[in-house]
Number of protein chains: 2
Amino acid sequence: MSPTPPPYTEFKLALLGFGNVGQALVELLLEKELTLKEELGITFRVVGIGSGSHGAAVDPRGFSLPELLQDYRNGVSLNEFSKLPISGSQEFIHSCGANLLFETTPVNYQTGQPALDFLRQALEAGMHVITANKGPVVHGYRELTKAAKRRGLSFLFESSVMDGAPVFSIARCGMPGAKVTSLSGLLNSTTNLILTRMEKGETQEEAIAYAQSIGIAETDPSGDIDGWDAAVKVAALVTVLMDIPYTPDQVNRTGIRALTPDLIQEAKENGQRWKLVCTAHREDSAPQGIFASVQPQKISPESHFFNVSGTSAILEIESDVLGKLSLIEENPSPRTTAYGLLADFLNAVDHPQP
Amino acid sequence: MSPTPPPYTEFKLALLGFGNVGQALVELLLEKELTLKEELGITFRVVGIGSGSHGAAVDPRGFSLPELLQDYRNGVSLNEFSKLPISGSQEFIHSCGANLLFETTPVNYQTGQPALDFLRQALEAGMHVITANKGPVVHGYRELTKAAKRRGLSFLFESSVMDGAPVFSIARCGMPGAKVTSLSGLLNSTTNLILTRMEKGETQEEAIAYAQSIGIAETDPSGDIDGWDAAVKVAALVTVLMDIPYTPDQVNRTGIRALTPDLIQEAKENGQRWKLVCTAHREDSAPQGIFASVQPQKISPESHFFNVSGTSAILEIESDVLGKLSLIEENPSPRTTAYGLLADFLNAVDHPQP
């Protein structure tokens with residue numbers, strides 16, 4: 001289409017959390033600056049960036065992002081870029097003056113904190129809020145959606161499940177008025193990568209060590225191995241796509257610890273692969289009408305799950321109107337997650353939530 | 001979420017084309033009437049229905065749909081339900097008084113007509129326009145989108161490729177600001193079903209006869225067999241998702257006629273399956289910068305295409321921001337296509353096109 005003519009709408013953006021994803025988002029914003037202006041008529045200034053332990057910066061005129069990124073990666077504290085003294089995230093939120101906050105801080109999945117409070121405060125301060133964390137989705141979806149709506153703002157979280165793949169956009173925009181009846185998927189990259197490597201002959205310990213070496217698994221990998229991360233994702237999907245508040249504790253959860261090389265090889269000899277499968281379906285007798293589980297399952301070659309290997313992911317959605325719809329994402333990266341945040345930004349300012 | 005309180009917004013709807021899909025849409029509207037009201041605050045009246053050879057009806061107060069549907073299926077002409085005498089589709093469009101037109105008439109894919117003119121007229125008459133036809137997408141995407149935008153209306157066409165699966169919604173809402181670099185897919189149900197049945201031992205003629213017997217293939221199946229339908233779909237996807245006007249004639253097209261039972265069996269013995277594969281990618285030296293093709297290809301079990309059998313379909317989208325994203329739709333039906341129209345309706349009235 002022909003370029004969008006002026007006047008352009010300018011948005012003031014803030015990032016709270018400045019790890020791999022936050023930095024990838026800044027790179028992506030720079031890369032897409034011209035596209036957003038010409039195709040969508042959107043311009044932006046980044047007026048605030050807050051990190052966990054490397055300071056925080058606010059500049060109402062907007063930062064020079066290439067310079068800031070380079071200096072930050074060379075160890076310069078964000079404080080050096082700030083026009084105001086900032087102490088703590090709460091003060092950052094209240095003084096940055098942004099229209100929209102990207103939140104990517106470390107989160108406690110049992111409580112969704114401190115992300116949940118950051119998002120509440122940012123909404124109160126009149127910002128659209130966008131998070132890459134699934135904790136606040138599980139623990140605050142209805143509250144934050146309602147609070148956003150009341151103020152004519154958006155609460156979006158595309159990157160919280162399957163990185164930037166448009167899981168929640170499909171539900172919001174591709175399946176309006178549909179009733180999701182069941183979900184099924186491979187949603188935890190780390191265990192999927194570990195199982196793929198075990199098929200090639202590694203022990204679980206070796207595969208975990210590899211996943212840690214490339215930055216996919218954490219030092220304590222139990223959140224992935226025991227199915228906890230997958231359970232939080234299932235709970236987030238049930239909460240949003242099926243519109244039923246659901247917590248990770250309610251998910252019937254078994255991790256992959258019991259999957260020995262022998263079991264993996266035995267499946268392989270039968271032409272099968274073990275996968276950590278997430279499911280949820282409506283069941284009247286279950287608590288809140290939903291039975292959800294995370295369990296290792298042997299998958300046969302006829303299944304779309306069979307070829308979803310390494311860090312790739314799949315989600316199958318069944319509904320009352322579309323039969324089974326599957327979404328497969330291959331080779332995610334921090335850039336993919338950053339794109340989910342960018343997509344949320346564009347949706348928040350283009351299409352205010354109904 | 002809690003039910004939407006009154007006041008509700010009421011929309012006056014018209015259907016032009018009343019075959020399987022149009023009738024399935026009326027059934028779906030009836031089924032979803034309460035959901036739309038309570039969850040989205042949307043109510044509707046169907047004020048016009050026009051068929052090809054069974055009359056047309058306009059009633060500003062709205063039809064009693066269950067009664068109309070039953071009588072129509074018993075052979076009663078639509079004229080019997082009309083409060084005004086209507087002669088022809090043009091008069092129907094101008095006198096129905098709807099806010100939104102669903103267009104599902106038979107179309108000439110070489111020209112996109114007469115659908116293209118119907119949609120133009122409906123936009124001029126102030127209606128959102130929604131089509132299940134890919135012809136007007138290929139031949140009028142930019143023109144109709146621009147005309148709609150100028151009037152604050154929407155031109156949407158989710159059902160034109162992969163039935164109701166959210167192909168275009170993903171691009172519009174799930175991938176804003178992304179640049180699609182290539183597409184690949186199995187988009188023609190009829191040939192996919194024929195090839196699946198040939199794998200089980202049928203000849204091509206037997207498989208075609210079966211596809212005709214269940215209403216999937218037309219009496220003259222050449223549009224499917226020669227890859228013409230697939231080429232129109234590729235052209236529609238390139239036009240919209242890659243934003244480059246593209247016509248079916250520009251697609252390098254080979255159908256499945258040359259696929260003999262021997263070739264199918266030979267592939268099967270090697271663990272492979274023949275599929276009619278649609279592709280498009282950016283290539284500077286190609287006309288308009290796009291090389292697109294529809295060609296039979298042997299697919300290996302590692303591909304996501306391998307397990308897409310029968311009338312199911314798959315689309316893989318590569319972009320500059322998301323790596324490879326695949327969407328698989330299983331077991332489509334007229335109800336699925338009708339749902340795509342309903343989803344377009346809800347998107348048109350909820351989210352005016354930017």
# chains A, B, ... in the order shown; residues from 1 in each chain; ligands from 1

call {"tool": "interface_residues", "arguments": {"of": "chain B", "to": "chain A", "cutoff": "6 Å", "atoms": "only C-alpha atoms", "output": "ChimeraX atom specification"}}
result
/B:166,169,174,176,322,324-330,336,343

call {"tool": "write_last_selection", "arguments": {"atoms": "all heavy atoms", "output": "tab-separated table (two decimals), in the first residue's frame"}}
result
chain	number	residue	atom	x	y	z
B	166	PRO	N	-7.92	-18.67	10.40
B	166	PRO	CA	-7.59	-17.24	10.46
B	166	PRO	C	-6.29	-16.84	9.77
B	166	PRO	O	-5.40	-16.26	10.38
B	166	PRO	CB	-7.53	-16.97	11.97
B	166	PRO	CG	-7.18	-18.27	12.58
B	166	PRO	CD	-7.79	-19.33	11.71
B	169	SER	N	-6.42	-12.94	9.30
B	169	SER	CA	-6.41	-12.33	10.63
B	169	SER	C	-5.03	-12.40	11.26
B	169	SER	O	-4.59	-11.47	11.93
B	169	SER	CB	-7.39	-13.04	11.57
B	169	SER	OG	-8.70	-12.82	11.17
B	174	GLY	N	-1.93	-10.54	13.98
B	174	GLY	CA	-0.87	-11.28	14.66
B	174	GLY	C	0.52	-10.92	14.17
B	174	GLY	O	1.50	-11.23	14.82
B	176	PRO	N	1.53	-7.57	12.73
B	176	PRO	CA	1.61	-6.18	12.26
B	176	PRO	C	3.07	-5.74	12.15
B	176	PRO	O	3.89	-6.12	12.99
B	176	PRO	CB	0.89	-5.39	13.35
B	176	PRO	CG	1.03	-6.22	14.58
B	176	PRO	CD	0.99	-7.65	14.09
B	322	LEU	N	9.62	-13.55	12.64
B	322	LEU	CA	9.10	-14.70	13.38
B	322	LEU	C	9.64	-16.05	12.94
B	322	LEU	O	9.17	-17.07	13.43
B	322	LEU	CB	7.58	-14.75	13.27
B	322	LEU	CG	6.78	-13.95	14.29
B	322	LEU	CD1	5.30	-14.19	14.08
B	322	LEU	CD2	7.15	-14.32	15.72
B	324	LYS	N	9.69	-19.42	10.91
B	324	LYS	CA	8.61	-20.09	10.19
B	324	LYS	C	7.43	-20.35	11.12
B	324	LYS	O	7.57	-20.93	12.18
B	324	LYS	CB	9.11	-21.40	9.60
B	324	LYS	CG	8.21	-21.94	8.51
B	324	LYS	CD	8.66	-23.30	8.04
B	324	LYS	CE	9.84	-23.25	7.11
B	324	LYS	NZ	10.29	-24.59	6.72
B	325	LEU	N	6.26	-19.92	10.66
B	325	LEU	CA	5.03	-20.08	11.42
B	325	LEU	C	4.08	-20.88	10.55
B	325	LEU	O	3.87	-20.54	9.39
B	325	LEU	CB	4.44	-18.68	11.68
B	325	LEU	CG	3.33	-18.55	12.68
B	325	LEU	CD1	3.88	-18.74	14.09
B	325	LEU	CD2	2.72	-17.16	12.56
B	326	SER	N	3.52	-21.98	11.10
B	326	SER	CA	2.63	-22.81	10.29
B	326	SER	C	1.24	-22.85	10.90
B	326	SER	O	1.09	-22.91	12.11
B	326	SER	CB	3.16	-24.25	10.21
B	326	SER	OG	4.48	-24.26	9.73
B	327	LEU	N	0.26	-22.86	10.02
B	327	LEU	CA	-1.13	-22.95	10.45
B	327	LEU	C	-1.76	-24.14	9.74
B	327	LEU	O	-1.70	-24.24	8.52
B	327	LEU	CB	-1.86	-21.66	10.05
B	327	LEU	CG	-3.27	-21.47	10.58
B	327	LEU	CD1	-3.25	-21.21	12.08
B	327	LEU	CD2	-3.92	-20.28	9.88
B	328	ILE	N	-2.30	-25.07	10.52
B	328	ILE	CA	-2.93	-26.26	9.94
B	328	ILE	C	-4.41	-26.26	10.28
B	328	ILE	O	-4.79	-26.04	11.44
B	328	ILE	CB	-2.30	-27.56	10.50
B	328	ILE	CG1	-0.79	-27.58	10.24
B	328	ILE	CG2	-2.97	-28.79	9.88
B	328	ILE	CD1	-0.07	-28.72	10.94
B	329	GLU	N	-5.22	-26.50	9.27
B	329	GLU	CA	-6.67	-26.57	9.46
B	329	GLU	C	-7.12	-27.98	9.13
B	329	GLU	O	-6.78	-28.50	8.07
B	329	GLU	CB	-7.34	-25.58	8.50
B	329	GLU	CG	-8.84	-25.72	8.44
B	329	GLU	CD	-9.43	-25.16	7.16
B	329	GLU	OE1	-8.85	-25.39	6.06
B	329	GLU	OE2	-10.48	-24.55	7.23
B	330	GLU	N	-7.89	-28.60	10.03
B	330	GLU	CA	-8.34	-29.96	9.75
B	330	GLU	C	-9.85	-30.02	9.55
B	330	GLU	O	-10.62	-29.34	10.22
B	330	GLU	CB	-7.90	-30.89	10.90
B	330	GLU	CG	-6.39	-31.12	10.81
B	330	GLU	CD	-5.82	-31.90	11.97
B	330	GLU	OE1	-6.13	-33.09	12.10
B	330	GLU	OE2	-5.05	-31.31	12.74
B	336	THR	N	-17.37	-24.17	8.60
B	336	THR	CA	-16.09	-23.51	8.83
B	336	THR	C	-15.99	-22.24	7.99
B	336	THR	O	-15.57	-21.19	8.46
B	336	THR	CB	-14.94	-24.46	8.44
B	336	THR	OG1	-15.31	-25.79	8.69
B	336	THR	CG2	-13.68	-24.11	9.18
B	343	ALA	N	-16.60	-14.25	11.63
B	343	ALA	CA	-15.43	-13.61	12.25
B	343	ALA	C	-15.14	-12.26	11.58
B	343	ALA	O	-14.83	-11.28	12.25
B	343	ALA	CB	-14.22	-14.54	12.16

call {"tool": "residues_around", "arguments": {"residues": "B:Ala236", "least_positions_apart": "4", "cutoff": "10 Å", "atoms": "only C-alpha atoms", "output": "list in words"}}
result
Lys134, Gly135, Pro136, Val137, Val138, His139, Tyr141, Ser160, Val161, Ala230, Ala231, Val232, Val240, Leu241, Met242, Asp243, Ile244, Pro245, Tyr246, Thr247 and Pro248 of chain B

call {"tool": "write_last_selection", "arguments": {"atoms": "N, CA and C atoms", "output": "PDB file, in the first residue's frame"}}
result
ATOM      1  N   LYS B 134     -12.287 -15.632  -3.480  1.00  0.00           N
ATOM      2  CA  LYS B 134     -10.913 -15.143  -3.635  1.00  0.00           C
ATOM      3  C   LYS B 134     -10.742 -14.306  -4.905  1.00  0.00           C
ATOM      4  N   GLY B 135     -11.672 -14.445  -5.850  1.00  0.00           N
ATOM      5  CA  GLY B 135     -11.597 -13.654  -7.084  1.00  0.00           C
ATOM      6  C   GLY B 135     -11.493 -12.154  -6.823  1.00  0.00           C
ATOM      7  N   PRO B 136     -12.407 -11.591  -6.030  1.00  0.00           N
ATOM      8  CA  PRO B 136     -12.325 -10.147  -5.759  1.00  0.00           C
ATOM      9  C   PRO B 136     -11.071  -9.756  -4.975  1.00  0.00           C
ATOM     10  N   VAL B 137     -10.493 -10.697  -4.236  1.00  0.00           N
ATOM     11  CA  VAL B 137      -9.255 -10.387  -3.506  1.00  0.00           C
ATOM     12  C   VAL B 137      -8.120 -10.213  -4.514  1.00  0.00           C
ATOM     13  N   VAL B 138      -8.032 -11.179  -5.434  1.00  0.00           N
ATOM     14  CA  VAL B 138      -6.978 -11.118  -6.444  1.00  0.00           C
ATOM     15  C   VAL B 138      -7.160  -9.905  -7.358  1.00  0.00           C
ATOM     16  N   HIS B 139      -8.396  -9.635  -7.725  1.00  0.00           N
ATOM     17  CA  HIS B 139      -8.629  -8.593  -8.728  1.00  0.00           C
ATOM     18  C   HIS B 139      -8.984  -7.233  -8.144  1.00  0.00           C
ATOM     19  N   TYR B 141      -8.136  -6.207  -4.411  1.00  0.00           N
ATOM     20  CA  TYR B 141      -7.749  -5.990  -3.014  1.00  0.00           C
ATOM     21  C   TYR B 141      -7.459  -4.525  -2.693  1.00  0.00           C
ATOM     22  N   SER B 160     -11.815 -16.766   2.116  1.00  0.00           N
ATOM     23  CA  SER B 160     -11.432 -16.983   0.721  1.00  0.00           C
ATOM     24  C   SER B 160     -10.259 -17.950   0.562  1.00  0.00           C
ATOM     25  N   VAL B 161      -9.448 -18.129   1.600  1.00  0.00           N
ATOM     26  CA  VAL B 161      -8.351 -19.101   1.565  1.00  0.00           C
ATOM     27  C   VAL B 161      -8.386 -19.910   2.861  1.00  0.00           C
ATOM     28  N   ALA B 230      -5.598 -23.513  -6.768  1.00  0.00           N
ATOM     29  CA  ALA B 230      -4.429 -23.279  -5.906  1.00  0.00           C
ATOM     30  C   ALA B 230      -3.687 -22.015  -6.328  1.00  0.00           C
ATOM     31  N   ALA B 231      -3.588 -21.805  -7.647  1.00  0.00           N
ATOM     32  CA  ALA B 231      -2.877 -20.615  -8.151  1.00  0.00           C
ATOM     33  C   ALA B 231      -3.606 -19.329  -7.753  1.00  0.00           C
ATOM     34  N   VAL B 232      -4.934 -19.359  -7.791  1.00  0.00           N
ATOM     35  CA  VAL B 232      -5.691 -18.171  -7.367  1.00  0.00           C
ATOM     36  C   VAL B 232      -5.436 -17.898  -5.882  1.00  0.00           C
ATOM     37  N   VAL B 240      -2.154 -10.014  -0.567  1.00  0.00           N
ATOM     38  CA  VAL B 240      -2.500  -9.463   0.749  1.00  0.00           C
ATOM     39  C   VAL B 240      -1.339  -9.570   1.741  1.00  0.00           C
ATOM     40  N   LEU B 241      -0.783 -10.766   1.904  1.00  0.00           N
ATOM     41  CA  LEU B 241       0.228 -10.969   2.947  1.00  0.00           C
ATOM     42  C   LEU B 241       1.578 -10.350   2.570  1.00  0.00           C
ATOM     43  N   MET B 242       1.884 -10.316   1.271  1.00  0.00           N
ATOM     44  CA  MET B 242       3.152  -9.719   0.852  1.00  0.00           C
ATOM     45  C   MET B 242       2.929  -8.337   0.260  1.00  0.00           C
ATOM     46  N   ASP B 243       1.663  -7.948   0.150  1.00  0.00           N
ATOM     47  CA  ASP B 243       1.272  -6.617  -0.325  1.00  0.00           C
ATOM     48  C   ASP B 243       1.799  -6.308  -1.721  1.00  0.00           C
ATOM     49  N   ILE B 244       1.751  -7.305  -2.586  1.00  0.00           N
ATOM     50  CA  ILE B 244       2.173  -7.141  -3.976  1.00  0.00           C
ATOM     51  C   ILE B 244       1.062  -7.679  -4.871  1.00  0.00           C
ATOM     52  N   PRO B 245       0.434  -6.804  -5.671  1.00  0.00           N
ATOM     53  CA  PRO B 245      -0.649  -7.279  -6.540  1.00  0.00           C
ATOM     54  C   PRO B 245      -0.131  -8.388  -7.455  1.00  0.00           C
ATOM     55  N   TYR B 246      -0.818  -9.499  -7.473  1.00  0.00           N
ATOM     56  CA  TYR B 246      -0.315 -10.681  -8.183  1.00  0.00           C
ATOM     57  C   TYR B 246      -1.508 -11.429  -8.752  1.00  0.00           C
ATOM     58  N   THR B 247      -1.346 -11.931  -9.973  1.00  0.00           N
ATOM     59  CA  THR B 247      -2.473 -12.624 -10.585  1.00  0.00           C
ATOM     60  C   THR B 247      -2.158 -14.106 -10.768  1.00  0.00           C
ATOM     61  N   PRO B 248      -3.198 -14.932 -10.855  1.00  0.00           N
ATOM     62  CA  PRO B 248      -2.994 -16.374 -11.013  1.00  0.00           C
ATOM     63  C   PRO B 248      -2.167 -16.730 -12.249  1.00  0.00           C
TER      64      PRO B 248
END

call {"tool": "closest_residue", "arguments": {"among": "A:Asp284, A:Ile317, A:Arg273, A:Thr190", "to": "A:Ile299", "atoms": "only C-alpha atoms"}}
result
A:Arg273

call {"tool": "closest_residue", "arguments": {"among": "B:Lys12, B:His54, B:Arg253, B:His281", "to": "B:Met127", "atoms": "only C-alpha atoms"}}
result
B:Lys12

call {"tool": "closest_residue", "arguments": {"among": "A:Thr311, A:Gly22, A:Gly255, A:Leu16", "to": "A:Leu193", "atoms": "only C-alpha atoms"}}
result
A:Thr311

call {"tool": "residues_around", "arguments": {"residues": "B:Glu80", "least_positions_apart": "6", "cutoff": "10 Å", "atoms": "only C-alpha atoms", "output": "list in words"}}
result
Gly55, Ala56, Ala57, Leu68, Asp71 and Tyr72 of chain B

call {"tool": "select_by_dssp", "arguments": {"residues": "stretch 90-139 of chain B", "states": "alpha helix (DSSP H)", "output": "compact mmCIF listing (two decimals) with all heavy atoms, in the first residue's frame"}}
result
# COMPACT_ATOMS: atom_id res chain seq x y z
N GLN B 90 -28.18 -5.96 -8.32
CA GLN B 90 -27.88 -4.54 -8.12
C GLN B 90 -29.01 -3.85 -7.35
O GLN B 90 -28.75 -3.11 -6.39
CB GLN B 90 -27.67 -3.88 -9.49
CG GLN B 90 -27.05 -2.51 -9.37
CD GLN B 90 -26.56 -1.99 -10.72
OE1 GLN B 90 -26.47 -2.74 -11.70
NE2 GLN B 90 -26.24 -0.71 -10.77
N GLU B 91 -30.23 -4.14 -7.74
CA GLU B 91 -31.37 -3.55 -7.04
C GLU B 91 -31.43 -4.06 -5.60
O GLU B 91 -31.73 -3.31 -4.68
CB GLU B 91 -32.67 -3.88 -7.79
CG GLU B 91 -33.85 -3.11 -7.23
CD GLU B 91 -35.16 -3.42 -7.95
OE1 GLU B 91 -35.10 -3.76 -9.16
OE2 GLU B 91 -36.22 -3.35 -7.30
N PHE B 92 -31.08 -5.35 -5.45
CA PHE B 92 -31.05 -5.94 -4.11
C PHE B 92 -30.11 -5.15 -3.21
O PHE B 92 -30.46 -4.76 -2.09
CB PHE B 92 -30.62 -7.40 -4.19
CG PHE B 92 -30.37 -8.04 -2.85
CD1 PHE B 92 -31.43 -8.50 -2.08
CD2 PHE B 92 -29.09 -8.14 -2.34
CE1 PHE B 92 -31.21 -9.08 -0.83
CE2 PHE B 92 -28.85 -8.71 -1.10
CZ PHE B 92 -29.91 -9.18 -0.34
N ILE B 93 -28.90 -4.90 -3.70
CA ILE B 93 -27.90 -4.19 -2.90
C ILE B 93 -28.40 -2.80 -2.53
O ILE B 93 -28.26 -2.36 -1.38
CB ILE B 93 -26.55 -4.11 -3.67
CG1 ILE B 93 -25.94 -5.51 -3.78
CG2 ILE B 93 -25.58 -3.15 -3.00
CD1 ILE B 93 -24.78 -5.61 -4.76
N HIS B 94 -29.01 -2.13 -3.49
CA HIS B 94 -29.41 -0.74 -3.23
C HIS B 94 -30.66 -0.62 -2.39
O HIS B 94 -30.88 0.42 -1.77
CB HIS B 94 -29.54 0.02 -4.55
CG HIS B 94 -28.19 0.35 -5.10
ND1 HIS B 94 -27.39 1.32 -4.55
CD2 HIS B 94 -27.46 -0.22 -6.09
CE1 HIS B 94 -26.23 1.36 -5.20
NE2 HIS B 94 -26.25 0.42 -6.14
N SER B 95 -31.46 -1.68 -2.35
CA SER B 95 -32.71 -1.52 -1.60
C SER B 95 -32.74 -2.27 -0.27
O SER B 95 -33.67 -2.10 0.50
CB SER B 95 -33.90 -1.96 -2.47
OG SER B 95 -33.73 -3.31 -2.84
N ALA B 115 -18.72 -10.73 -8.57
CA ALA B 115 -18.55 -10.39 -7.16
C ALA B 115 -17.92 -9.01 -6.97
O ALA B 115 -18.36 -8.22 -6.12
CB ALA B 115 -17.67 -11.45 -6.49
N LEU B 116 -16.91 -8.73 -7.79
CA LEU B 116 -16.20 -7.46 -7.67
C LEU B 116 -17.15 -6.26 -7.76
O LEU B 116 -17.09 -5.33 -6.94
CB LEU B 116 -15.14 -7.42 -8.78
CG LEU B 116 -14.00 -6.43 -8.70
CD1 LEU B 116 -13.28 -6.50 -7.38
CD2 LEU B 116 -13.02 -6.72 -9.85
N ASP B 117 -18.06 -6.31 -8.75
CA ASP B 117 -19.01 -5.20 -8.89
C ASP B 117 -19.99 -5.14 -7.73
O ASP B 117 -20.35 -4.05 -7.26
CB ASP B 117 -19.79 -5.33 -10.21
CG ASP B 117 -18.98 -4.81 -11.40
OD1 ASP B 117 -18.00 -4.06 -11.15
OD2 ASP B 117 -19.31 -5.17 -12.54
N PHE B 118 -20.42 -6.30 -7.26
CA PHE B 118 -21.34 -6.32 -6.11
C PHE B 118 -20.69 -5.63 -4.91
O PHE B 118 -21.32 -4.84 -4.20
CB PHE B 118 -21.71 -7.76 -5.72
CG PHE B 118 -22.50 -8.50 -6.77
CD1 PHE B 118 -22.45 -9.90 -6.82
CD2 PHE B 118 -23.29 -7.83 -7.69
CE1 PHE B 118 -23.18 -10.60 -7.77
CE2 PHE B 118 -24.03 -8.53 -8.66
CZ PHE B 118 -23.97 -9.92 -8.69
N LEU B 119 -19.42 -5.95 -4.68
CA LEU B 119 -18.72 -5.39 -3.52
C LEU B 119 -18.53 -3.88 -3.68
O LEU B 119 -18.71 -3.12 -2.72
CB LEU B 119 -17.38 -6.10 -3.32
CG LEU B 119 -17.50 -7.61 -3.02
CD1 LEU B 119 -16.14 -8.29 -3.10
CD2 LEU B 119 -18.13 -7.86 -1.66
N ARG B 120 -18.20 -3.45 -4.90
CA ARG B 120 -18.07 -2.01 -5.17
C ARG B 120 -19.38 -1.29 -4.87
O ARG B 120 -19.40 -0.26 -4.20
CB ARG B 120 -17.74 -1.78 -6.65
CG ARG B 120 -16.30 -2.09 -7.02
CD ARG B 120 -16.12 -1.93 -8.54
NE ARG B 120 -14.75 -2.22 -8.94
CZ ARG B 120 -14.41 -2.89 -10.03
NH1 ARG B 120 -15.35 -3.33 -10.87
NH2 ARG B 120 -13.14 -3.12 -10.32
N GLN B 121 -20.48 -1.87 -5.38
CA GLN B 121 -21.78 -1.23 -5.19
C GLN B 121 -22.17 -1.17 -3.71
O GLN B 121 -22.70 -0.17 -3.23
CB GLN B 121 -22.85 -1.97 -5.99
CG GLN B 121 -22.70 -1.78 -7.50
CD GLN B 121 -23.37 -2.89 -8.32
OE1 GLN B 121 -24.19 -3.64 -7.80
NE2 GLN B 121 -23.00 -2.99 -9.59
N ALA B 122 -21.88 -2.25 -3.02
CA ALA B 122 -22.25 -2.30 -1.60
C ALA B 122 -21.43 -1.27 -0.80
O ALA B 122 -21.96 -0.62 0.10
CB ALA B 122 -22.04 -3.71 -1.05
N LEU B 123 -20.16 -1.12 -1.13
CA LEU B 123 -19.35 -0.10 -0.45
C LEU B 123 -19.91 1.29 -0.73
O LEU B 123 -20.03 2.12 0.17
CB LEU B 123 -17.89 -0.18 -0.91
CG LEU B 123 -17.04 -1.29 -0.30
CD1 LEU B 123 -15.69 -1.38 -1.02
CD2 LEU B 123 -16.81 -1.06 1.20
N GLU B 124 -20.27 1.52 -2.00
CA GLU B 124 -20.85 2.82 -2.35
C GLU B 124 -22.15 3.07 -1.58
O GLU B 124 -22.47 4.21 -1.24
CB GLU B 124 -21.13 2.91 -3.86
CG GLU B 124 -19.88 3.22 -4.66
CD GLU B 124 -20.07 2.95 -6.15
OE1 GLU B 124 -21.24 2.94 -6.61
OE2 GLU B 124 -19.05 2.73 -6.84
N GLY B 135 -11.67 -14.45 -5.85
CA GLY B 135 -11.60 -13.65 -7.08
C GLY B 135 -11.49 -12.15 -6.82
O GLY B 135 -10.58 -11.49 -7.31
N PRO B 136 -12.41 -11.59 -6.03
CA PRO B 136 -12.33 -10.15 -5.76
C PRO B 136 -11.07 -9.76 -4.97
O PRO B 136 -10.64 -8.60 -5.05
CB PRO B 136 -13.57 -9.86 -4.91
CG PRO B 136 -14.44 -11.05 -5.03
CD PRO B 136 -13.61 -12.21 -5.47
N VAL B 137 -10.49 -10.70 -4.24
CA VAL B 137 -9.26 -10.39 -3.51
C VAL B 137 -8.12 -10.21 -4.51
O VAL B 137 -7.38 -9.23 -4.49
CB VAL B 137 -8.92 -11.50 -2.48
CG1 VAL B 137 -7.63 -11.16 -1.74
CG2 VAL B 137 -10.08 -11.69 -1.51
N VAL B 138 -8.03 -11.18 -5.43
CA VAL B 138 -6.98 -11.12 -6.44
C VAL B 138 -7.16 -9.91 -7.36
O VAL B 138 -6.20 -9.24 -7.71
CB VAL B 138 -6.96 -12.43 -7.27
CG1 VAL B 138 -6.13 -12.27 -8.51
CG2 VAL B 138 -6.47 -13.58 -6.40
N HIS B 139 -8.40 -9.64 -7.72
CA HIS B 139 -8.63 -8.59 -8.73
C HIS B 139 -8.98 -7.23 -8.14
O HIS B 139 -9.06 -6.26 -8.88
CB HIS B 139 -9.72 -9.04 -9.71
CG HIS B 139 -9.34 -10.27 -10.48
ND1 HIS B 139 -8.45 -10.22 -11.53
CD2 HIS B 139 -9.66 -11.57 -10.31
CE1 HIS B 139 -8.27 -11.45 -12.00
NE2 HIS B 139 -8.99 -12.29 -11.28

call {"tool": "residues_around", "arguments": {"residues": "B:Glu202", "least_positions_apart": "5", "cutoff": "12 Å", "atoms": "only C-alpha atoms", "output": "list in words"}}
result
Leu193, Ile194, Leu195, Thr196, Arg197, Ala207, Ile208, Ala209, Tyr210, Ala211, Thr260, Pro261, Asp262, Ile264 and Gln265 of chain B

call {"tool": "residues_around", "arguments": {"residues": "stretch 224-227 of chain A", "least_positions_apart": "3", "cutoff": "10 Å", "atoms": "only C-alpha atoms", "output": "ChimeraX atom specification"}}
result
/A:188-192,194,204,208,217-218,220-221,230-233,248,251-258,276-278,293-296

call {"tool": "select_by_dssp", "arguments": {"residues": "stretch 2-34 of chain A", "states": "strand (DSSP E or B)", "output": "list in words"}}
result
Thr9, Glu10, Phe11, Lys12, Leu13, Ala14, Leu15 and Leu16 of chain A

call {"tool": "closest_residue", "arguments": {"among": "B:Arg45, B:Ser319, B:Lys268, B:Ala132", "to": "B:Ser159", "atoms": "only C-alpha atoms"}}
result
B:Ala132

call {"tool": "atom_distance", "arguments": {"atom1": "atom CA of B:Ser213", "atom2": "atom CA of B:Gly17"}}
result
22.8 Å

call {"tool": "residues_around", "arguments": {"residues": "A:Val58", "least_positions_apart": "3", "cutoff": "8 Å", "atoms": "only C-alpha atoms", "output": "list in words"}}
result
Val47, Gly48, Ile49, Phe81, Ser82, Lys83, Leu84, Ile86, Phe92, Ser95 and Cys96 of chain A

call {"tool": "residues_around", "arguments": {"residues": "A:Val129", "least_positions_apart": "5", "cutoff": "6 Å", "atoms": "only C-alpha atoms", "output": "PyMOL selection string"}}
result
chain A and resi 100-101+155

call {"tool": "atom_distance", "arguments": {"atom1": "atom CA of A:Leu30", "atom2": "atom CA of A:Gly152"}}
result
27.5 Å
